[in-house]
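> Contents of run.cif (mmCIF, C-alpha atoms and all ligand atoms) are below:
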data_data
#
loop_
_atom_site.label_atom_id
_atom_site.label_comp_id
_atom_site.auth_asym_id
_atom_site.auth_seq_id
_atom_site.Cartn_x
_atom_site.Cartn_y
_atom_site.Cartn_z
CA MET A 240 0.00 0.00 0.00
CA SER A 241 1.58 3.31 -1.10
CA LYS A 242 1.88 6.15 1.37
CA VAL A 243 0.53 9.54 0.33
CA LEU A 244 1.33 12.70 2.25
CA VAL A 245 -1.23 15.45 1.59
CA GLY A 246 -0.15 19.02 2.37
CA ILE A 247 -2.95 21.51 2.88
CA THR A 248 -2.46 25.27 2.91
CA GLY A 249 -4.73 28.16 3.87
CA GLY A 250 -7.06 28.71 0.95
CA ILE A 251 -10.82 28.25 0.64
CA ALA A 252 -10.26 25.22 -1.65
CA ALA A 253 -8.96 23.40 1.45
CA TYR A 254 -12.46 21.96 1.91
CA LYS A 255 -12.02 20.05 -1.37
CA SER A 256 -9.04 18.23 0.08
CA ALA A 257 -11.45 16.37 2.35
CA TYR A 258 -12.90 14.69 -0.76
CA LEU A 259 -9.40 13.95 -1.98
CA VAL A 260 -8.41 12.24 1.28
CA ARG A 261 -11.60 10.20 1.11
CA GLU A 262 -10.87 9.11 -2.47
CA LEU A 263 -7.31 8.20 -1.54
CA LYS A 264 -8.55 6.02 1.31
CA LYS A 265 -11.10 4.39 -1.02
CA ALA A 266 -8.23 3.61 -3.40
CA GLU A 267 -6.49 1.93 -0.42
CA PHE A 268 -3.64 4.39 0.01
CA GLU A 269 -2.24 5.08 3.44
CA VAL A 270 -2.71 8.81 4.00
CA LYS A 271 -1.18 11.37 6.33
CA VAL A 272 -1.98 15.07 6.32
CA VAL A 273 0.24 18.03 7.14
CA MET A 274 -1.39 21.47 7.36
CA THR A 275 -0.10 25.02 7.55
CA PRO A 276 -1.35 26.90 10.64
CA PHE A 277 -3.64 29.05 8.44
CA ALA A 278 -5.22 26.00 6.70
CA GLY A 279 -6.84 25.08 10.02
CA LYS A 280 -8.90 28.27 9.84
CA PHE A 281 -10.67 26.89 6.75
CA VAL A 282 -11.05 23.22 7.70
CA SER A 283 -10.49 21.65 11.08
CA PRO A 284 -7.62 19.15 11.42
CA MET A 285 -10.18 16.85 13.03
CA THR A 286 -11.91 16.47 9.65
CA PHE A 287 -8.70 15.14 8.11
CA GLU A 288 -7.87 13.04 11.15
CA THR A 289 -11.24 11.32 10.84
CA LEU A 290 -10.98 10.82 7.06
CA SER A 291 -7.34 9.70 6.97
CA GLY A 292 -7.45 7.59 10.14
CA ASN A 293 -4.12 9.14 11.12
CA LYS A 294 -2.91 11.96 13.33
CA VAL A 295 -2.82 15.30 11.45
CA TYR A 296 0.38 17.31 11.65
CA THR A 297 0.19 21.07 12.10
CA ASP A 298 3.21 21.73 14.31
CA TRP A 299 6.16 19.92 15.83
CA ASP A 300 4.32 19.51 19.17
CA GLU A 301 5.76 16.46 20.88
CA GLU A 302 7.62 15.24 17.74
CA PRO A 303 10.66 17.48 17.07
CA LEU A 304 11.68 15.47 13.97
CA ALA A 305 8.17 15.36 12.49
CA HIS A 306 9.35 17.00 9.22
CA ILE A 307 12.08 14.39 8.69
CA ASN A 308 9.84 11.50 9.69
CA LEU A 309 7.00 12.61 7.41
CA ALA A 310 9.37 13.23 4.47
CA ARG A 311 10.92 9.78 4.88
CA TRP A 312 7.53 8.12 5.34
CA ALA A 313 5.93 9.49 2.15
CA ASP A 314 6.07 7.69 -1.20
CA THR A 315 4.51 10.76 -2.75
CA PHE A 316 3.75 14.27 -1.47
CA LEU A 317 0.91 16.37 -2.92
CA ILE A 318 0.22 19.92 -1.77
CA ALA A 319 -3.42 20.76 -2.57
CA PRO A 320 -4.51 23.46 -2.41
CA CYS A 321 -1.20 25.24 -2.59
CA THR A 322 -1.56 28.98 -1.98
CA VAL A 323 0.59 31.44 -3.92
CA ASN A 324 2.28 32.22 -0.60
CA THR A 325 3.34 28.60 -0.03
CA LEU A 326 4.38 28.03 -3.63
CA SER A 327 6.54 31.16 -3.56
CA LYS A 328 8.17 30.04 -0.34
CA LEU A 329 8.77 26.60 -1.87
CA ALA A 330 10.42 28.26 -4.86
CA CYS A 331 12.81 30.12 -2.51
CA GLY A 332 13.50 27.34 -0.02
CA ILE A 333 11.81 29.14 2.87
CA ALA A 334 10.78 26.81 5.67
CA ASP A 335 8.87 28.71 8.33
CA ASN A 336 6.23 26.09 9.14
CA LEU A 337 6.02 22.31 9.40
CA LEU A 338 4.62 21.78 5.88
CA LEU A 339 7.39 23.84 4.24
CA THR A 340 10.10 22.21 6.34
CA THR A 341 8.76 18.78 5.39
CA ALA A 342 8.82 19.80 1.70
CA LEU A 343 12.48 20.80 2.05
CA ALA A 344 13.30 17.49 3.72
CA TYR A 345 11.52 15.52 0.97
CA ASP A 346 13.95 14.36 -1.72
CA LYS A 347 11.53 13.47 -4.56
CA PRO A 348 9.53 15.77 -6.87
CA LEU A 349 6.56 17.41 -5.16
CA ILE A 350 3.10 17.54 -6.72
CA ILE A 351 1.85 21.10 -6.37
CA ALA A 352 -1.77 22.02 -7.08
CA PRO A 353 -2.14 25.81 -6.86
CA ALA A 354 -5.47 27.52 -6.22
CA ALA A 355 -5.90 31.30 -6.13
CA ASN A 356 -7.79 34.30 -7.40
CA THR A 357 -7.01 34.72 -11.13
CA VAL A 358 -5.24 38.06 -10.78
CA MET A 359 -3.07 36.73 -7.95
CA TYR A 360 -2.33 33.56 -9.88
CA LYS A 361 -1.37 35.48 -13.02
CA ASN A 362 0.88 37.88 -11.10
CA PRO A 363 4.30 37.78 -12.83
CA ALA A 364 6.09 37.06 -9.54
CA ILE A 365 3.89 33.99 -8.99
CA GLN A 366 4.28 32.79 -12.59
CA GLU A 367 8.03 33.13 -12.26
CA ASN A 368 7.97 31.09 -9.05
CA ILE A 369 5.86 28.41 -10.74
CA ASN A 370 8.39 28.21 -13.57
CA ARG A 371 11.21 27.92 -11.03
CA LEU A 372 9.42 25.03 -9.32
CA ARG A 373 8.91 23.32 -12.69
CA ASP A 374 12.58 23.78 -13.54
CA MET A 375 13.46 22.13 -10.22
CA GLY A 376 11.52 19.06 -11.44
CA HIS A 377 8.35 19.50 -9.38
CA MET A 378 4.97 18.69 -10.92
CA ILE A 379 2.52 21.59 -11.20
CA ILE A 380 -1.15 20.73 -11.65
CA GLU A 381 -2.55 23.70 -13.52
CA PRO A 382 -5.63 25.18 -11.86
CA GLU A 383 -8.90 25.12 -13.77
CA PHE A 384 -11.01 27.85 -15.30
CA GLY A 385 -14.37 28.56 -13.65
CA VAL A 386 -16.27 30.55 -11.04
CA LEU A 387 -13.92 31.19 -8.11
CA ALA A 388 -14.81 31.57 -4.44
CA CYS A 389 -14.29 35.36 -4.84
CA GLU A 390 -17.10 35.20 -7.45
CA GLU A 391 -14.78 36.15 -10.29
CA VAL A 392 -14.64 33.90 -13.33
CA GLY A 393 -11.19 32.85 -14.43
CA GLU A 394 -8.27 30.52 -14.00
CA GLY A 395 -7.47 29.60 -10.41
CA LYS A 396 -9.86 26.84 -9.32
CA LEU A 397 -8.14 23.89 -7.68
CA ALA A 398 -7.87 20.95 -10.13
CA ASP A 399 -10.70 18.50 -9.52
CA THR A 400 -10.19 15.41 -7.37
CA GLU A 401 -9.93 13.07 -10.35
CA ARG A 402 -7.02 15.07 -11.78
CA LEU A 403 -5.29 15.19 -8.38
CA MET A 404 -5.68 11.41 -8.08
CA ASP A 405 -4.33 10.92 -11.58
CA TRP A 406 -1.16 12.87 -10.72
CA ILE A 407 -0.71 10.79 -7.58
CA PHE A 408 -0.79 7.61 -9.69
CA TYR A 409 1.56 9.27 -12.17
CA SER A 410 4.04 10.12 -9.42
CA LEU A 411 4.08 6.57 -8.07
CA GLU A 412 4.63 4.64 -11.30
CA ASP A 413 7.91 3.74 -13.00
CA LYS A 414 8.39 5.42 -16.39
CA PRO A 415 9.19 2.64 -18.90
CA LEU A 416 7.53 4.61 -21.72
CA ARG A 417 9.27 7.94 -21.12
CA GLY A 418 9.96 9.69 -24.41
CA LYS A 419 7.52 7.48 -26.36
CA LYS A 420 4.50 8.78 -28.24
CA ILE A 421 1.47 6.53 -27.90
CA PHE A 422 -1.53 7.02 -30.15
CA ILE A 423 -4.78 5.25 -29.18
CA THR A 424 -8.24 5.06 -30.76
CA CYS A 425 -11.29 4.02 -28.76
CA GLY A 426 -15.04 4.22 -28.41
CA ALA A 427 -17.76 3.57 -30.95
CA THR A 428 -18.18 5.20 -34.32
CA ARG A 429 -21.63 6.30 -35.50
CA GLU A 430 -22.85 6.03 -39.06
CA TYR A 431 -25.87 8.23 -39.56
CA ILE A 432 -28.74 6.92 -41.66
CA ASP A 433 -30.64 10.20 -41.41
CA PRO A 434 -30.22 13.21 -39.07
CA VAL A 435 -31.42 11.26 -36.00
CA ARG A 436 -30.74 7.56 -36.55
CA PHE A 437 -27.42 5.82 -36.67
CA ILE A 438 -25.63 2.47 -36.70
CA SER A 439 -23.28 1.98 -33.79
CA ASN A 440 -22.31 -0.45 -31.01
CA ASP A 441 -21.95 -0.69 -27.23
CA ALA A 442 -18.26 0.22 -26.86
CA SER A 443 -17.80 2.53 -23.86
CA GLY A 444 -14.21 3.69 -24.45
CA GLU A 445 -13.19 2.25 -21.06
CA MET A 446 -10.43 0.06 -22.52
CA GLY A 447 -8.86 2.79 -24.66
CA PHE A 448 -9.10 5.39 -21.90
CA SER A 449 -7.49 2.92 -19.47
CA LEU A 450 -4.65 2.39 -21.94
CA ALA A 451 -4.27 6.18 -22.19
CA ARG A 452 -4.13 6.61 -18.40
CA VAL A 453 -1.54 3.90 -17.87
CA ALA A 454 0.57 5.05 -20.84
CA ARG A 455 0.67 8.56 -19.33
CA TRP A 456 1.51 7.23 -15.86
CA TRP A 457 4.37 5.31 -17.47
CA GLY A 458 5.81 8.48 -18.96
CA ALA A 459 4.48 8.45 -22.53
CA GLU A 460 3.07 11.39 -24.43
CA VAL A 461 -0.45 10.27 -25.28
CA LYS A 462 -2.93 11.19 -27.97
CA VAL A 463 -6.41 9.66 -28.16
CA ILE A 464 -8.97 9.69 -30.95
CA ALA A 465 -12.32 8.72 -29.51
CA GLY A 466 -15.65 8.02 -31.09
CA PHE A 467 -18.73 8.04 -28.85
CA THR A 468 -17.83 7.07 -25.27
CA THR A 469 -19.56 6.75 -21.92
CA ALA A 470 -16.43 6.08 -19.82
CA LYS A 471 -14.70 8.89 -17.91
CA GLU A 472 -12.16 10.76 -20.02
CA PRO A 473 -8.52 10.45 -18.93
CA PRO A 474 -7.08 13.73 -17.64
CA GLU A 475 -3.95 15.40 -19.06
CA VAL A 476 -4.22 13.61 -22.39
CA GLU A 477 -4.83 15.12 -25.83
CA LEU A 478 -8.27 13.95 -26.89
CA ILE A 479 -9.64 14.33 -30.42
CA ARG A 480 -13.24 13.39 -31.18
CA ALA A 481 -14.42 11.64 -34.33
CA VAL A 482 -17.97 10.56 -35.12
CA SER A 483 -17.91 8.43 -38.27
CA VAL A 484 -15.41 5.87 -39.57
CA GLU A 485 -14.42 8.30 -42.29
CA GLU A 486 -13.73 11.06 -39.74
CA MET A 487 -11.75 8.68 -37.55
CA PHE A 488 -9.79 7.46 -40.57
CA ARG A 489 -8.84 11.04 -41.50
CA ALA A 490 -7.83 11.91 -37.93
CA VAL A 491 -5.73 8.73 -37.64
CA MET A 492 -3.90 9.34 -40.90
CA GLU A 493 -3.25 13.01 -40.03
CA ASN A 494 -1.64 12.05 -36.72
CA LEU A 495 0.02 8.72 -37.54
CA SER A 496 3.47 10.09 -38.34
CA TRP A 497 3.59 11.52 -34.78
CA ALA A 498 3.29 8.10 -33.15
CA ASP A 499 5.88 5.54 -32.01
CA VAL A 500 3.13 3.14 -30.99
CA PHE A 501 -0.37 2.97 -32.48
CA ILE A 502 -3.16 1.08 -30.67
CA MET A 503 -6.43 0.62 -32.55
CA ASN A 504 -9.03 -0.13 -29.91
CA ALA A 505 -12.02 1.70 -31.44
CA ALA A 506 -15.10 -0.35 -32.28
CA VAL A 507 -15.52 0.80 -35.83
CA SER A 508 -18.57 0.18 -38.00
CA ASP A 509 -17.73 -2.28 -40.73
CA PHE A 510 -20.90 -1.37 -42.58
CA ILE A 511 -22.03 2.12 -43.44
CA PRO A 512 -25.25 3.27 -45.13
CA ALA A 513 -24.81 3.63 -48.89
CA THR A 514 -26.63 6.96 -48.70
CA LYS A 515 -27.34 9.32 -45.82
CA HIS A 516 -30.80 10.83 -45.98
CA GLU A 517 -30.69 14.60 -45.48
CA SER A 518 -34.11 14.70 -43.83
CA LYS A 519 -35.71 12.37 -41.32
CA ILE A 520 -37.06 9.21 -42.93
CA LYS A 521 -40.82 8.98 -42.31
CA LYS A 522 -41.93 5.65 -40.90
CA LYS A 523 -44.86 5.31 -43.27
CA GLU A 524 -42.35 4.91 -46.08
CA GLY A 525 -40.89 1.69 -44.57
CA LEU A 526 -37.17 1.18 -44.94
CA THR A 527 -34.70 -1.13 -46.62
CA LEU A 528 -31.15 -0.11 -45.83
CA LYS A 529 -28.37 -0.63 -48.29
CA LEU A 530 -25.04 -0.91 -46.47
CA VAL A 531 -21.58 -0.78 -47.97
CA LYS A 532 -18.22 -1.70 -46.49
CA GLY A 533 -16.41 1.18 -44.79
CA VAL A 534 -12.66 1.73 -44.75
CA ASP A 535 -10.61 -0.66 -42.59
CA ILE A 536 -8.55 1.91 -40.69
CA LEU A 537 -6.15 -0.56 -39.12
CA ARG A 538 -5.40 -2.26 -42.43
CA GLU A 539 -4.49 1.14 -43.92
CA VAL A 540 -2.26 1.87 -40.89
CA GLY A 541 -0.59 -1.53 -41.40
CA LYS A 542 0.24 -0.52 -44.97
CA ASN A 543 1.86 2.71 -43.74
CA LYS A 544 3.46 1.19 -40.67
CA GLU A 545 7.13 2.14 -41.22
CA ASP A 546 8.99 1.42 -37.96
CA ARG A 547 6.10 2.10 -35.63
CA PHE A 548 4.70 -0.59 -33.33
CA VAL A 549 1.09 -1.34 -34.26
CA VAL A 550 -1.41 -3.05 -31.97
CA GLY A 551 -4.91 -4.15 -32.97
CA PHE A 552 -7.84 -5.70 -31.17
CA ALA A 553 -9.84 -8.65 -32.46
CA LEU A 554 -13.42 -9.25 -31.51
CA GLU A 555 -14.34 -12.86 -32.10
CA THR A 556 -17.22 -15.14 -31.23
CA GLU A 557 -15.51 -18.35 -32.35
CA ASN A 558 -12.02 -19.66 -33.21
CA ILE A 559 -10.63 -16.74 -31.26
CA LEU A 560 -6.92 -17.48 -31.50
CA GLU A 561 -6.98 -18.66 -35.10
CA ASN A 562 -8.94 -15.61 -36.31
CA ALA A 563 -6.87 -13.19 -34.24
CA LYS A 564 -3.64 -14.60 -35.67
CA LYS A 565 -5.06 -14.23 -39.16
CA LYS A 566 -5.85 -10.54 -38.49
CA LEU A 567 -2.38 -10.03 -36.99
CA ARG A 568 -0.80 -11.20 -40.25
CA GLU A 569 -3.28 -9.81 -42.76
CA LYS A 570 -3.29 -6.32 -41.21
CA ASN A 571 0.50 -6.32 -40.75
CA LEU A 572 0.34 -5.87 -36.95
CA ASP A 573 2.97 -6.40 -34.26
CA MET A 574 0.50 -7.40 -31.59
CA ILE A 575 -3.19 -8.17 -31.27
CA VAL A 576 -5.49 -8.40 -28.26
CA ALA A 577 -8.22 -10.97 -28.83
CA ASN A 578 -11.45 -10.83 -26.89
CA THR A 579 -15.10 -11.84 -27.06
CA PRO A 580 -18.17 -9.55 -27.27
CA ASP A 581 -18.83 -9.83 -23.50
CA SER A 582 -15.85 -7.48 -22.98
CA ILE A 583 -17.64 -4.70 -24.90
CA GLY A 584 -19.10 -2.09 -22.58
CA SER A 585 -18.15 -4.28 -19.60
CA LYS A 586 -16.00 -3.32 -16.60
CA SER A 587 -13.96 -6.53 -16.71
CA HIS A 588 -11.87 -7.97 -19.46
CA LYS A 589 -10.62 -11.37 -20.48
CA GLY A 590 -8.78 -12.46 -23.57
CA PHE A 591 -5.39 -13.08 -25.13
CA ILE A 592 -2.40 -10.97 -26.14
CA LEU A 593 -0.73 -12.38 -29.24
CA THR A 594 2.38 -11.56 -31.18
CA GLU A 595 3.81 -13.68 -34.00
CA ASN A 596 5.68 -15.80 -31.43
CA THR A 597 4.02 -15.26 -28.06
CA LEU A 598 0.67 -15.84 -26.43
CA GLU A 599 -0.54 -14.59 -23.05
CA GLU A 600 -3.96 -15.26 -21.60
CA PHE A 601 -5.62 -12.96 -19.06
CA ASP A 602 -8.88 -13.46 -17.23
CA SER A 603 -11.38 -11.20 -15.46
CA LEU A 604 -9.10 -8.23 -15.06
CA SER A 605 -10.33 -4.69 -14.64
CA LYS A 606 -9.72 -2.72 -17.84
CA LEU A 607 -7.02 -0.77 -16.01
CA GLU A 608 -5.24 -4.01 -15.14
CA SER A 609 -5.54 -5.38 -18.67
CA ALA A 610 -4.20 -2.03 -19.96
CA ARG A 611 -1.14 -2.63 -17.77
CA ARG A 612 -0.71 -6.14 -19.21
CA ILE A 613 -1.01 -4.92 -22.78
CA LEU A 614 1.39 -2.00 -22.29
CA LYS A 615 3.86 -4.22 -20.43
CA ARG A 616 3.90 -6.43 -23.56
CA VAL A 617 4.36 -3.35 -25.73
CA CYS A 618 7.34 -2.29 -23.56
CA ASP A 619 8.85 -5.78 -23.87
CA ASN A 620 8.63 -5.55 -27.67
CA ILE A 621 9.75 -2.04 -28.52
CA SER A 622 13.26 -0.72 -28.24
CA LEU A 623 13.31 1.62 -25.25
N1 LIG A 701 -10.90 -2.07 -37.47
C1 LIG A 701 -10.62 -0.94 -38.22
N2 LIG A 701 -11.49 -0.51 -39.18
C2 LIG A 701 -12.63 -1.19 -39.41
C3 LIG A 701 -12.92 -2.34 -38.66
C4 LIG A 701 -12.03 -2.77 -37.70
O1 LIG A 701 -9.57 -0.32 -38.01
N3 LIG A 701 -13.46 -0.76 -40.33
C5 LIG A 701 -9.92 -2.51 -36.46
C6 LIG A 701 -10.48 -2.65 -35.06
O2 LIG A 701 -10.37 -1.45 -34.33
C7 LIG A 701 -9.62 -3.75 -34.48
C8 LIG A 701 -9.28 -4.61 -35.68
O3 LIG A 701 -9.49 -3.80 -36.83
O4 LIG A 701 -8.42 -3.23 -33.94
C9 LIG A 701 -10.09 -5.87 -35.80
O5 LIG A 701 -11.46 -5.53 -35.74
P1 LIG A 701 -12.59 -6.67 -35.70
O6 LIG A 701 -13.92 -6.01 -35.53
O7 LIG A 701 -12.19 -7.73 -34.72
O8 LIG A 701 -12.46 -7.36 -37.09
P2 LIG A 701 -12.66 -6.86 -38.56
O9 LIG A 701 -11.34 -6.48 -39.12
O10 LIG A 701 -13.74 -5.82 -38.62
O11 LIG A 701 -13.13 -8.20 -39.29
P3 LIG A 701 -14.41 -9.14 -39.00
O12 LIG A 701 -15.54 -8.21 -38.61
O13 LIG A 701 -14.63 -9.83 -40.28
O14 LIG A 701 -14.03 -10.08 -37.88
#
Would you kindly transcribe this structure into structure tokens?
Ligand code: CTP

Amino acid sequence: MSKVLVGITGGIAAYKSAYLVRELKKAEFEVKVVMTPFAGKFVSPMTFETLSGNKVYTDWDEEPLAHINLARWADTFLIAPCTVNTLSKLACGIADNLLLTTALAYDKPLIIAPAANTVMYKNPAIQENINRLRDMGHMIIEPEFGVLACEEVGEGKLADTERLMDWIFYSLEDKPLRGKKIFITCGATREYIDPVRFISNDASGEMGFSLARVARWWGAEVKVIAGFTTAKEPPEVELIRAVSVEEMFRAVMENLSWADVFIMNAAVSDFIPATKHESKIKKKEGLTLKLVKGVDILREVGKNKEDRFVVGFALETENILENAKKKLREKNLDMIVANTPDSIGSKSHKGFILTENTLEEFDSLSKLESARRILKRVCDNISL
């Protein structure tokens, strides 16, 4: 179980850190909290003590080496919210409270999530301090745009809990894909018959988004092209939307030269209406649809593969391994993940990872876990 130290400073967004600590505990992290004296004016230490199940540190009290002990204890250290005052002191090495002293005693990169009024945040002195912290190797989670507690609208809102959690995962993972560019497609395409009706499927995007999350945590630069999705979007990842097969095909081809690794996970319509009706088809007319074959995006990528590593998925109802192997060869792929339709739109995943010479079976994994398996195989097969 990884140990997360949460630093809380005196800003109104401190109340949001209560949700963060709760989420961390739900994700089975061990959590300790260190607060600046002013943070306690916004939220009581007792709140964090109750949520974290651990003593909250605000001063040295009876533990004179608390800063050293906390710094040594932590696997990762996130300061959220981080006021402009604290971040400026961090940039200068000032240590006039327990949180700042702990940060100085901590020898890994800090995760700093600033929150402030827009004008304060944009102040050149603060921006310069942020750049200094970045140059020192610390991670800055950019605040979000929105309505602030001061009722102004602008940049300065503390990043939401999901983004904070994502950075915690990022900070804890090894970086076997550092410097690699990973390009992923996911979700379902839609082929419109008329302005309201379409042909599509149940893909949620969960698998592709999980691949994107893990690839980012492992240090890759990640780009995703997604059709229709219901799964939560991965934070800090470039996301391009495409509706139809044709749109997805264009977006893939425009971005392919950027990629070191291409993973085609999208559930693409094989059949598209021969004509799209401009106005809504009236039911009294009855309907016979003529469908034609759409472009096979992955096959086209296989033809333009060059030295990039290309991964496909195969959805099979019978002869899974045999058919997947056939697709691997015919589409000129380096790897293929074979699964059955019950994985579509489902939270769990079972199937096989195949290359020309290897075969790995996995069973009932969460999509995040199967993303790890797949990317581990990718790492084993590409030159790093
Ligand atoms: N694929 C694609 N373009 C299509 C159809 C599929 O790029 N028009 C990709 C899928 O994203 C997947 C792989 O090709 O990575 C295999 O898709 P699958 O649906 O299993 O097989 P198909 O190639 O469509 O062949 P079939 O339906 O005959 O099994």
> Just need the box for ligand LIG 701 (chain A), edges along x, y and z, holding every atom the file lists for it with 4 Å tacked onto each side, so centre and edge lengths in Å to one decimal, as JSON.

{"center_x": -12.0, "center_y": -5.2, "center_z": -37.1, "size_x": 15.1, "size_y": 17.8, "size_z": 14.4}
> What gap, in Å, lies between CA of Val576 in chain A and CA of Arg489 in chain A?
23.8 Å
> Collect all residues with atoms no farther than 9 Å from ligand LIG 701 (chain A), counting all atoms listed in the file, and output them as a PyMOL selection string.
chain A and resi 424-425+484+488+502-510+532-540+550-556+562-563+566-567+570+575-578
> Fewer than 6 positions away in the same chain doesn't count, so skip those; otherwise give me all residues within 12 Å of Ser585 in chain A, counting all atoms listed in the file, as a CSV table (one decimal) with C-alpha atoms, in the frame of the given file.

chain,number,residue,atom,x,y,z
A,441,ASP,CA,-22.0,-0.7,-27.2
A,442,ALA,CA,-18.3,0.2,-26.9
A,443,SER,CA,-17.8,2.5,-23.9
A,444,GLY,CA,-14.2,3.7,-24.4
A,445,GLU,CA,-13.2,2.2,-21.1
A,446,MET,CA,-10.4,0.1,-22.5
A,469,THR,CA,-19.6,6.8,-21.9
A,470,ALA,CA,-16.4,6.1,-19.8
A,578,ASN,CA,-11.4,-10.8,-26.9
A,579,THR,CA,-15.1,-11.8,-27.1
A,603,SER,CA,-11.4,-11.2,-15.5
A,604,LEU,CA,-9.1,-8.2,-15.1
A,605,SER,CA,-10.3,-4.7,-14.6
A,606,LYS,CA,-9.7,-2.7,-17.8
> Which one of A:Leu387, A:Ala266, A:Leu397, A:Leu349 sits closest to Thr322 in chain A if you count all atoms listed in the file?
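Checking each candidate against Thr322 in chain A, we get A:Leu397 as the closest.
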> Check the smallest atom-to-atom distance from each of A:Asn494, A:Asn543, A:Asn440, A:Asn596 to Pro580 in chain A using all atoms listed in the file, then report the winner.
A:Asn440
> So, with only C-alpha atoms as the atoms that count, which of A:Glu477, A:Asp374, A:Asp300, A:Asp399 lies closest to Ile421 in chain A?
A:Glu477
> Give one line per residue of range 279-354 of chain A that approaches range 243-254 of chain A to at most 9 Å, naming the two atoms of the closest pair and their distance in Å to one decimal, counting only C-alpha atoms; sort by chain then ascending residue number and deliver it as CSV.

residue,atom,partner,partner_atom,distance
A:Gly279,CA,A:Gly249,CA,7.2
A:Lys280,CA,A:Gly249,CA,7.3
A:Phe281,CA,A:Ile251,CA,6.3
A:Val282,CA,A:Tyr254,CA,6.1
A:Leu309,CA,A:Leu244,CA,7.7
A:Ala310,CA,A:Leu244,CA,8.4
A:Trp312,CA,A:Leu244,CA,8.3
A:Ala313,CA,A:Leu244,CA,5.6
A:Asp314,CA,A:Val243,CA,6.0
A:Thr315,CA,A:Val243,CA,5.2
A:Phe316,CA,A:Leu244,CA,4.7
A:Leu317,CA,A:Val245,CA,5.1
A:Ile318,CA,A:Gly246,CA,4.3
A:Ala319,CA,A:Ile247,CA,5.5
A:Pro320,CA,A:Ile247,CA,5.8
A:Cys321,CA,A:Thr248,CA,5.6
A:Thr322,CA,A:Thr248,CA,6.2
A:Thr325,CA,A:Thr248,CA,7.3
A:Leu338,CA,A:Gly246,CA,6.5
A:Ala354,CA,A:Ala252,CA,7.0
> Which residues are close to Glu412 in chain A, i.e. within 7 Å by all atoms listed in the file, leaving aside same-chain residues fewer than 4 positions away? Reply as a list in words.
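With the cut-off at 7 Å, the set is Phe408, Trp456 and Trp457 of chain A.
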> With all atoms listed in the file as the counted atoms, please give the residues lying no more than 9 Å from Leu528 in chain A, apart from itself and same-chain residues fewer than 3 positions off, as a compact mmCIF listing (two decimals) with C-alpha atoms, in the frame of the given file.

# COMPACT_ATOMS: atom_id res chain seq x y z
CA ILE A 432 -28.74 6.92 -41.66
CA PRO A 512 -25.25 3.27 -45.13
CA ALA A 513 -24.81 3.63 -48.89
CA THR A 514 -26.63 6.96 -48.70
> Which of these residues is nearest to Arg616 in chain A, using only C-alpha atoms: A:Leu416, A:Leu326, A:Ala459, A:Leu263?
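Between A:Leu416, A:Leu326, A:Ala459, A:Leu263, the residue approaching Arg616 in chain A most closely is A:Leu416.
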> Restricting the calculation to only C-alpha atoms, which member of A:Glu460, A:Glu267, A:Asp546, A:Glu524 is positioned closest to Met240 in chain A?
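Among A:Glu460, A:Glu267, A:Asp546, A:Glu524, it is A:Glu267 that comes nearest to Met240 in chain A.
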> Here is a test: counting only C-alpha atoms, which residue of A:Val323, A:Met404, A:Leu572, A:Ala610 is nearest to Leu593 in chain A?
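Smallest distance to Leu593 in chain A is found for A:Leu572.
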> Just the number, please: distance in Å from CA of Gly584 in chain A to CA of Arg429 in chain A, one decimal.
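Computing the Euclidean distance for CA of Gly584 in chain A and CA of Arg429 in chain A yields 15.6 Å.
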